[in-house]
Number of protein chains: 2
Amino acid sequence: MDEYINTGAYLRLLWDELRANMEAALQERGFEDVSPSHGWIFHHTKDEGSRITELAAAAHITKQSMSALVAQLEEAGYVRRKPDPSDKRAALLFLTAKGKKVRDAGRQINFDFEKKWEARIGSADYALLRKLLAQLCETTAGSRS
Amino acid sequence: MDEYINTGAYLRLLWDELRANMEAALQERGFEDVSPSHGWIFHHTKDEGSRITELAAAAHITKQSMSALVAQLEEAGYVRRKPDPSDKRAALLFLTAKGKKVRDAGRQINFDFEKKWEARIGSADYALLRKLLAQLCETTAGSRS
DNA sequence: TTTATTTAGTCAGTTTAACTGACCACAAAA
DNA sequence: TTTTGTGGTCAGTTAAACTGACTAAATAAA
């Protein structure tokens, strides 16, 4: 176990790098009221509509936190809620046209940025890394209240 | 580029998992005033002493932020400062005996936890993943003011 | 069918870990 | 010796999480 590298710190550093890039790139494109924390929403809101509770569970944050993020995006016109016809307590969340633009921009920004990483370690190794990360995540436990 | 997986979200999820485990395990062992954010300090404070500025730069946070983290640990007796004999502005940071216990515990906790991940994808693949992460980080740019 | 329990979501308040800007004392360079 | 840079602190702000208490509707149990 001696001299075991600090995997956590690495994960964190890389995530931070990606996040900072995303933030800057979104600003540049004029989406000033969007931050990387909203990423999950853009990426996972389904065309048929998604529930806040559902999004929260998937992102491993509380529904209160997700609620706050959604409220910010709604205020700025990236998403809208509609009452869920099948459950009067619930609302369904949809991306607006503006929201879909951000989603697509985000994908592109991510893709472009990762090319840099790909260049650092080679595309074969990078593909492998991504595959391993995905695999590791798929069997992940744990959520918040 | 279609259906490109969200690497950032994966990094984040994994880091969070590791972090949550570390937090819980440290609590269990009675180190209640230590959080994963202090990890960098425990891991990188050298036996010959380290500067706050130096630690901050390496961790990619501002010296003010590092200063605050260090103050918390000093208050709780995990580190102590001594004036740097070669520079009257500066202080050198050392781990106390208590601090070294946390460092060692932290290593062990990390090591134990990662065995679970290792089990998920196999030890060969896991070793590879760690190697690739390390490689990717080594050539990383960017720091804060 | 009335009662009890979950569930979707909000409101209010708190905490952690960052940040910026202004500053001081000393060090190093001009 | 004057200017500029550096180590570090102080004060204040922000983002993004958290907990706890709550309402209204849905579902399960009596």
# chains A, B, ... in the order shown; residues from 1 in each chain; ligands from 1
>>> residues_around(residues="D:DT27", least_positions_apart="2", cutoff="10 Å", atoms="only C-alpha atoms (C1' of nucleotides)", output="PyMOL selection string")
(chain C and resi 5-7) or (chain D and resi 25+29)
>>> residues_around(residues="stretch 15-30 of chain C", least_positions_apart="2", cutoff="7 Å", atoms="only C-alpha atoms (C1' of nucleotides)", output="PyMOL selection string")
chain B and resi 65+88-89
>>> closest_atom_pairs(of="chain A", to="chain B", cutoff="7 Å", atoms="only C-alpha atoms", output="tab-separated table")
residue	atom	partner	partner_atom	distance
A:Thr7	CA	B:Arg130	CA	6.8
A:Gly8	CA	B:Trp15	CA	5.6
A:Tyr10	CA	B:Cys137	CA	6.5
A:Leu11	CA	B:Leu11	CA	5.6
A:Arg12	CA	B:Trp15	CA	6.0
A:Leu14	CA	B:Cys137	CA	7.0
A:Trp15	CA	B:Gly8	CA	5.6
A:Leu18	CA	B:Gly8	CA	6.5
A:Trp117	CA	B:Leu136	CA	6.9
A:Arg120	CA	B:Leu136	CA	6.6
A:Ile121	CA	B:Leu136	CA	6.5
A:Leu129	CA	B:Leu129	CA	6.0
A:Arg130	CA	B:Thr7	CA	6.8
A:Leu132	CA	B:Leu129	CA	6.6
A:Leu133	CA	B:Tyr10	CA	6.6
A:Ala134	CA	B:Tyr10	CA	6.8
A:Leu136	CA	B:Ile121	CA	6.5
A:Cys137	CA	B:Tyr10	CA	6.5
>>> select_by_dssp(residues="stretch 1-137 of chain B", states="alpha helix (DSSP H)", output="ChimeraX atom specification")
/B:7-28,39-44,52-59,63-75,97-121,123-137
>>> select_by_dssp(residues="chain B", states="strand (DSSP E or B)", output="PyMOL selection string")
chain B and resi 50+79-83+91-95
>>> write_last_selection(atoms="C-alpha atoms", output="mmCIF file, in the first residue's frame")
data_model
loop_
_atom_site.group_PDB
_atom_site.id
_atom_site.type_symbol
_atom_site.label_atom_id
_atom_site.label_comp_id
_atom_site.auth_asym_id
_atom_site.auth_seq_id
_atom_site.Cartn_x
_atom_site.Cartn_y
_atom_site.Cartn_z
ATOM 1 C CA SER B 50 5.546 23.063 3.633
ATOM 2 C CA VAL B 79 -0.740 20.675 12.200
ATOM 3 C CA ARG B 80 1.471 23.361 13.618
ATOM 4 C CA ARG B 81 3.269 26.286 12.047
ATOM 5 C CA LYS B 82 6.799 27.383 12.712
ATOM 6 C CA PRO B 83 8.370 30.554 11.416
ATOM 7 C CA ALA B 91 5.715 29.987 8.005
ATOM 8 C CA LEU B 92 6.436 26.311 7.629
ATOM 9 C CA LEU B 93 3.698 23.805 8.219
ATOM 10 C CA PHE B 94 4.233 20.442 9.888
ATOM 11 C CA LEU B 95 1.959 17.571 10.813
#
>>> interface_residues(of="chain A", to="chain D", cutoff="12 Å", atoms="only C-alpha atoms (C1' of nucleotides)", output="list in words")
Ser35, Pro36, Ser37, His38, His60, Ile61, Thr62, Lys63, Gln64, Ser65, Met66, Ala68, Leu69, Ser86, Asp87, Lys88, Arg89, Ala90, Arg144 and Ser145 of chain A
>>> closest_atom_pairs(of="chain C", to="chain A", cutoff="10 Å", atoms="only C-alpha atoms (C1' of nucleotides)", output="CSV")
residue,atom,partner,partner_atom,distance
C:DT7,C1',A:Arg89,CA,8.9
C:DA8,C1',A:Ala90,CA,5.4
C:DG9,C1',A:Ala90,CA,7.3
C:DT10,C1',A:Gln64,CA,8.0
C:DC11,C1',A:Gln64,CA,9.9
>>> atom_distance(atom1="atom CA of B:Thr96", atom2="atom CA of B:Phe42")
10.3 Å
>>> atom_distance(atom1="atom CA of A:Ala127", atom2="atom CA of A:Lys46")
26.6 Å
